[in-house]
Every structure is written in structure tokens, then in C-alpha cells.
$ cat data-v8.pdb   # PDB, C-alpha atoms and all ligand atoms
ATOM      1  CA  MET G   1      61.848-135.397 -58.002  1.00  0.00           C
ATOM      2  CA  PRO G   2      59.202-132.770 -58.747  1.00  0.00           C
ATOM      3  CA  VAL G   3      55.599-133.737 -58.055  1.00  0.00           C
ATOM      4  CA  TYR G   4      52.750-132.224 -60.069  1.00  0.00           C
ATOM      5  CA  THR G   5      49.000-132.209 -59.816  1.00  0.00           C
ATOM      6  CA  SER G   6      46.617-131.947 -62.697  1.00  0.00           C
ATOM      7  CA  SER G   7      43.503-129.848 -62.915  1.00  0.00           C
ATOM      8  CA  ARG G   8      42.774-130.033 -66.658  1.00  0.00           C
ATOM      9  CA  ILE G   9      42.481-132.564 -69.409  1.00  0.00           C
ATOM     10  CA  LEU G  10      42.253-131.148 -72.911  1.00  0.00           C
ATOM     11  CA  ILE G  11      41.029-132.908 -76.007  1.00  0.00           C
ATOM     12  CA  GLU G  12      41.230-131.507 -79.514  1.00  0.00           C
ATOM     13  CA  ARG G  13      40.570-132.650 -83.060  1.00  0.00           C
ATOM     14  CA  PHE G  14      43.423-131.340 -85.156  1.00  0.00           C
ATOM     15  CA  PRO G  15      42.728-129.862 -88.611  1.00  0.00           C
ATOM     16  CA  HIS G  16      43.118-131.958 -91.752  1.00  0.00           C
ATOM     17  CA  ARG G  17      46.551-131.315 -93.350  1.00  0.00           C
ATOM     18  CA  ALA G  18      47.956-129.637 -90.223  1.00  0.00           C
ATOM     19  CA  ASP G  19      51.576-130.208 -89.302  1.00  0.00           C
ATOM     20  CA  LEU G  20      51.397-132.342 -86.165  1.00  0.00           C
ATOM     21  CA  MET G  21      54.156-130.568 -84.193  1.00  0.00           C
ATOM     22  CA  ALA G  22      52.708-127.141 -85.026  1.00  0.00           C
ATOM     23  CA  ALA G  23      49.202-128.295 -84.084  1.00  0.00           C
ATOM     24  CA  ILE G  24      50.400-129.499 -80.676  1.00  0.00           C
ATOM     25  CA  LEU G  25      52.233-126.230 -80.037  1.00  0.00           C
ATOM     26  CA  ASP G  26      49.183-124.210 -81.139  1.00  0.00           C
ATOM     27  CA  VAL G  27      46.963-125.979 -78.622  1.00  0.00           C
ATOM     28  CA  CYS G  28      49.566-125.380 -75.906  1.00  0.00           C
ATOM     29  CA  ARG G  29      49.793-121.671 -76.691  1.00  0.00           C
ATOM     30  CA  CYS G  30      46.028-121.168 -77.002  1.00  0.00           C
ATOM     31  CA  ASN G  31      45.375-122.911 -73.676  1.00  0.00           C
ATOM     32  CA  ALA G  32      48.420-121.662 -71.738  1.00  0.00           C
ATOM     33  CA  VAL G  33      49.759-125.183 -71.343  1.00  0.00           C
ATOM     34  CA  THR G  34      53.340-125.047 -70.131  1.00  0.00           C
ATOM     35  CA  THR G  35      53.608-128.541 -68.661  1.00  0.00           C
ATOM     36  CA  GLY G  36      51.808-131.687 -69.673  1.00  0.00           C
ATOM     37  CA  VAL G  37      51.773-135.154 -71.105  1.00  0.00           C
ATOM     38  CA  PHE G  38      49.831-136.091 -74.199  1.00  0.00           C
ATOM     39  CA  SER G  39      48.908-138.681 -76.760  1.00  0.00           C
ATOM     40  CA  VAL G  40      47.681-138.471 -80.338  1.00  0.00           C
ATOM     41  CA  ILE G  41      45.998-141.082 -82.482  1.00  0.00           C
ATOM     42  CA  GLY G  42      44.822-140.682 -86.059  1.00  0.00           C
ATOM     43  CA  ALA G  43      46.484-140.860 -89.447  1.00  0.00           C
ATOM     44  CA  VAL G  44      49.130-139.025 -91.464  1.00  0.00           C
ATOM     45  CA  THR G  45      49.680-138.468 -95.168  1.00  0.00           C
ATOM     46  CA  ARG G  46      53.436-138.256 -94.600  1.00  0.00           C
ATOM     47  CA  ALA G  47      55.748-138.404 -91.651  1.00  0.00           C
ATOM     48  CA  THR G  48      59.115-136.960 -90.730  1.00  0.00           C
ATOM     49  CA  VAL G  49      60.891-138.573 -87.814  1.00  0.00           C
ATOM     50  CA  GLY G  50      64.349-138.457 -86.344  1.00  0.00           C
ATOM     51  CA  PHE G  51      66.733-141.096 -85.107  1.00  0.00           C
ATOM     52  CA  TYR G  52      69.410-139.979 -82.661  1.00  0.00           C
ATOM     53  CA  ASP G  53      72.903-141.239 -83.429  1.00  0.00           C
ATOM     54  CA  GLN G  54      74.245-141.759 -79.911  1.00  0.00           C
ATOM     55  CA  THR G  55      77.865-141.804 -81.099  1.00  0.00           C
ATOM     56  CA  GLY G  56      77.677-138.930 -83.578  1.00  0.00           C
ATOM     57  CA  ARG G  57      75.304-136.969 -81.299  1.00  0.00           C
ATOM     58  CA  SER G  58      73.031-135.811 -84.061  1.00  0.00           C
ATOM     59  CA  TYR G  59      69.631-136.670 -85.470  1.00  0.00           C
ATOM     60  CA  SER G  60      69.231-138.239 -88.857  1.00  0.00           C
ATOM     61  CA  THR G  61      65.928-137.450 -90.529  1.00  0.00           C
ATOM     62  CA  LEU G  62      63.685-140.070 -92.097  1.00  0.00           C
ATOM     63  CA  VAL G  63      60.768-139.094 -94.348  1.00  0.00           C
ATOM     64  CA  PHE G  64      57.983-141.600 -94.987  1.00  0.00           C
ATOM     65  CA  ASP G  65      55.973-140.099 -97.835  1.00  0.00           C
ATOM     66  CA  GLU G  66      52.921-142.338 -97.700  1.00  0.00           C
ATOM     67  CA  PRO G  67      49.739-142.647 -95.657  1.00  0.00           C
ATOM     68  CA  ALA G  68      49.934-144.334 -92.274  1.00  0.00           C
ATOM     69  CA  GLU G  69      47.942-144.831 -89.118  1.00  0.00           C
ATOM     70  CA  ILE G  70      49.201-143.143 -85.971  1.00  0.00           C
ATOM     71  CA  LEU G  71      49.315-146.207 -83.765  1.00  0.00           C
ATOM     72  CA  SER G  72      50.803-144.228 -80.923  1.00  0.00           C
ATOM     73  CA  CYS G  73      52.198-140.776 -80.413  1.00  0.00           C
ATOM     74  CA  THR G  74      53.140-139.802 -76.911  1.00  0.00           C
ATOM     75  CA  GLY G  75      55.040-136.877 -75.580  1.00  0.00           C
ATOM     76  CA  ASN G  76      55.469-134.141 -73.061  1.00  0.00           C
ATOM     77  CA  ILE G  77      55.474-130.386 -72.865  1.00  0.00           C
ATOM     78  CA  SER G  78      58.123-128.580 -70.871  1.00  0.00           C
ATOM     79  CA  ALA G  79      60.251-125.476 -71.315  1.00  0.00           C
ATOM     80  CA  LEU G  80      63.317-124.718 -73.381  1.00  0.00           C
ATOM     81  CA  ASP G  81      64.819-121.245 -73.079  1.00  0.00           C
ATOM     82  CA  GLY G  82      61.593-120.089 -71.439  1.00  0.00           C
ATOM     83  CA  ALA G  83      59.328-121.192 -74.287  1.00  0.00           C
ATOM     84  CA  PRO G  84      57.003-124.212 -74.479  1.00  0.00           C
ATOM     85  CA  PHE G  85      58.825-127.200 -75.935  1.00  0.00           C
ATOM     86  CA  VAL G  86      57.220-130.362 -77.270  1.00  0.00           C
ATOM     87  CA  HIS G  87      59.048-133.690 -77.196  1.00  0.00           C
ATOM     88  CA  ALA G  88      57.180-136.567 -78.827  1.00  0.00           C
ATOM     89  CA  HIS G  89      57.720-139.982 -80.354  1.00  0.00           C
ATOM     90  CA  ILE G  90      55.448-141.577 -82.935  1.00  0.00           C
ATOM     91  CA  VAL G  91      54.730-145.125 -84.056  1.00  0.00           C
ATOM     92  CA  LEU G  92      53.159-145.490 -87.505  1.00  0.00           C
ATOM     93  CA  GLY G  93      51.370-148.434 -89.081  1.00  0.00           C
ATOM     94  CA  TYR G  94      51.477-148.951 -92.864  1.00  0.00           C
ATOM     95  CA  ALA G  95      49.173-150.697 -95.342  1.00  0.00           C
ATOM     96  CA  ASP G  96      51.286-153.874 -95.334  1.00  0.00           C
ATOM     97  CA  GLY G  97      51.174-154.070 -91.556  1.00  0.00           C
ATOM     98  CA  SER G  98      54.709-152.855 -91.067  1.00  0.00           C
ATOM     99  CA  VAL G  99      55.546-150.376 -88.343  1.00  0.00           C
ATOM    100  CA  ARG G 100      57.968-147.473 -88.390  1.00  0.00           C
ATOM    101  CA  GLY G 101      58.565-144.629 -86.058  1.00  0.00           C
ATOM    102  CA  GLY G 102      60.888-142.275 -84.310  1.00  0.00           C
ATOM    103  CA  HIS G 103      61.317-138.888 -82.717  1.00  0.00           C
ATOM    104  CA  LEU G 104      58.527-136.668 -84.068  1.00  0.00           C
ATOM    105  CA  MET G 105      59.749-133.799 -86.234  1.00  0.00           C
ATOM    106  CA  ASP G 106      58.221-130.944 -88.228  1.00  0.00           C
ATOM    107  CA  GLY G 107      56.895-132.205 -91.549  1.00  0.00           C
ATOM    108  CA  THR G 108      54.473-134.830 -90.248  1.00  0.00           C
ATOM    109  CA  ILE G 109      51.216-133.970 -91.987  1.00  0.00           C
ATOM    110  CA  LEU G 110      47.916-135.084 -90.528  1.00  0.00           C
ATOM    111  CA  PHE G 111      45.075-136.756 -92.328  1.00  0.00           C
ATOM    112  CA  ALA G 112      43.255-136.777 -88.997  1.00  0.00           C
ATOM    113  CA  GLY G 113      44.387-136.379 -85.441  1.00  0.00           C
ATOM    114  CA  GLU G 114      42.804-136.715 -82.012  1.00  0.00           C
ATOM    115  CA  PHE G 115      44.786-135.118 -79.201  1.00  0.00           C
ATOM    116  CA  HIS G 116      44.450-135.826 -75.506  1.00  0.00           C
ATOM    117  CA  CYS G 117      46.555-133.869 -73.000  1.00  0.00           C
ATOM    118  CA  THR G 118      46.773-133.919 -69.252  1.00  0.00           C
ATOM    119  CA  THR G 119      48.099-130.555 -68.164  1.00  0.00           C
ATOM    120  CA  LEU G 120      50.293-130.398 -65.081  1.00  0.00           C
ATOM    121  CA  ASP G 121      50.123-127.536 -62.601  1.00  0.00           C
ATOM    122  CA  GLY G 122      53.334-125.918 -61.473  1.00  0.00           C
ATOM    123  CA  THR G 123      56.609-124.710 -62.834  1.00  0.00           C
ATOM    124  CA  PRO G 124      57.496-126.551 -66.037  1.00  0.00           C
ATOM    125  CA  PRO G 125      60.692-128.558 -65.993  1.00  0.00           C
ATOM    126  CA  SER G 126      63.240-126.728 -68.095  1.00  0.00           C
ATOM    127  CA  ARG G 127      65.590-128.361 -70.556  1.00  0.00           C
ATOM    128  CA  ALA G 128      69.317-127.878 -70.658  1.00  0.00           C
ATOM    129  CA  PHE G 129      72.178-129.371 -72.608  1.00  0.00           C
ATOM    130  CA  ASP G 130      73.389-132.653 -71.128  1.00  0.00           C
ATOM    131  CA  ASP G 131      77.107-133.345 -71.622  1.00  0.00           C
ATOM    132  CA  VAL G 132      76.723-137.124 -71.336  1.00  0.00           C
ATOM    133  CA  THR G 133      74.124-137.586 -74.079  1.00  0.00           C
ATOM    134  CA  GLY G 134      74.420-134.415 -76.130  1.00  0.00           C
ATOM    135  CA  LEU G 135      70.663-133.917 -75.726  1.00  0.00           C
ATOM    136  CA  LYS G 136      68.638-131.129 -74.173  1.00  0.00           C
ATOM    137  CA  LEU G 137      67.214-133.057 -71.233  1.00  0.00           C
ATOM    138  CA  TRP G 138      65.123-132.050 -68.252  1.00  0.00           C
ATOM    139  CA  LYS G 139      67.138-130.241 -65.600  1.00  0.00           C
ATOM    140  CA  LEU G 140      65.603-131.764 -62.445  1.00  0.00           C
TER     141      LEU G 140
HETATM  142 ZN    ZN G 201      62.972-137.915 -78.782  1.00  0.00          ZN
END

$ encode --input "data-v8.pdb" --output "C-alpha cells" --more "lines below"
Ligand code: ZN
Amino acid sequence: MPVYTSSRILIERFPHRADLMAAILDVCRCNAVTTGVFSVIGAVTRATVGFYDQTGRSYSTLVFDEPAEILSCTGNISALDGAPFVHAHIVLGYADGSVRGGHLMDGTILFAGEFHCTTLDGTPPSRAFDDVTGLKLWKL
């Protein structure tokens, strides 16, 4: 099991109407973050999430085209094919108190977003295809 230390904690306020996945990747690129764990709270005007069909081994995409609170969005940054890769899940709260969520995908548009990231020092874990799950998991 790899062990990391942390020497930086980044916080950022994401721009209004930014795509959440792109905003996270932008912060990583601008700050040379290759490994880290993060959270985001705020609100979205629309969300696009995935649900992984464990039998069919593919993601279905769900689009929620209405405002919601980001109750929780957590994820990690590692490497896929040598490039920074963001994996995140999001839980959204709606006006009627209902909750939806899933695997964060492109197309989640921020109303407001506050990002908090603990960067990890060292070689980022790389992802590789896993035969058992059909996912690109950490190769540890
Ligand atoms: Zn996921």
C-alpha cells in the first residue's frame, strides 16, 4: 500500500457557470496537482451523472436539468495514461428535499462551487483496466 504525505492544501472558488469536471482539472493543471483528494460544496444549475451497470459494464448517463445544492462531492486525482485523471461522485439536494447523485460527469454546470483539495506528494497512482470490474482502477 503506497503511503503519501501532504504539503499543500488548495482552496478555490470556481467560476459561475463553469463545468465542474473541467474546473477541477483546470485547478489541477494550474497548480501541478497530480495526486490528491478533494471535496466540493456549492450549487449546480444542472447535473450529469453516471451509474455503472455492473453486469453490462457500461455507464448510463442521467441528466438532472434543474437547480440543486451540492450536498457532497468527493473525489481523487490520479493518473490515466500519464495525464491527470479526476474521479468524483456527487450527491445533490433538490427543492423538495429529495437527493440524487452518481458518478460525476462532464455537463455538471455550477451555480457556485467551493473546492478544497489536499495534494499528495509522490508518484500518482496510475489507473489501468481491471478485468474483474471492467473499470479503470488504481494499479497498486
Ligand atoms: Zn465513479

$ atom_distance --input "data-v8.pdb" --atom1 "atom CA of G:Gly97" --atom2 "atom CA of G:Tyr59"
26.1 Å

$ residues_around --input "data-v8.pdb" --residues "G:Tyr4" --least-positions-apart "4" --cutoff "8 Å" --atoms "all atoms listed in the file" --output "list in words"
Leu120, Asp121 and Gly122 of chain G

$ resolve_selection --input "data-v8.pdb" --expression "the PyMOL selection byres (((chain G and resi 34) around 10) and not hetatm)" --output "MDAnalysis selection string"
chainID G and resid 28:29 31:33 35:36 76:79 82:86 119:125

$ resolve_selection --input "data-v8.pdb" --expression "the PyMOL selection byres (((not hetatm)) within 12 of (chain G and resi 201))" --output "list in words"
Val49, Gly50, Phe51, Tyr52, Asp53, Gln54, Ser58, Tyr59, Ser60, Cys73, Thr74, Gly75, Asn76, Phe85, Val86, His87, Ala88, His89, Ile90, Gly101, Gly102, His103, Leu104, Met105, Leu135, Lys136 and Leu137 of chain G

$ residues_around --input "data-v8.pdb" --residues "G:Ala95" --least-positions-apart "6" --cutoff "12 Å" --atoms "only C-alpha atoms" --output "ChimeraX atom specification"
/G:43,66-69

$ axis_aligned_box --input "data-v8.pdb" --around "stretch 5-17 of chain G" --padding-each-side "4 Å" --output "AutoDock Vina command-line options"
--center_x 44.8 --center_y -131.4 --center_z -76.6 --size_x 16.4 --size_y 11.1 --size_z 41.5

$ atom_distance --input "data-v8.pdb" --atom1 "atom CA of G:Glu114" --atom2 "atom CA of G:Arg100"
19.7 Å

$ closest_residue --input "data-v8.pdb" --among "G:Val99, G:Leu20, G:Ile109, G:Thr55" --to "G:Val132" --atoms "only C-alpha atoms"
G:Thr55

$ resolve_selection --input "data-v8.pdb" --expression "the PyMOL selection byres (((chain G and resi 117) around 7) and not hetatm)" --output "PyMOL selection string"
chain G and resi 9-11+36-39+115-116+118-119

$ atom_distance --input "data-v8.pdb" --atom1 "atom CA of G:Val44" --atom2 "atom CA of G:Phe111"
4.7 Å
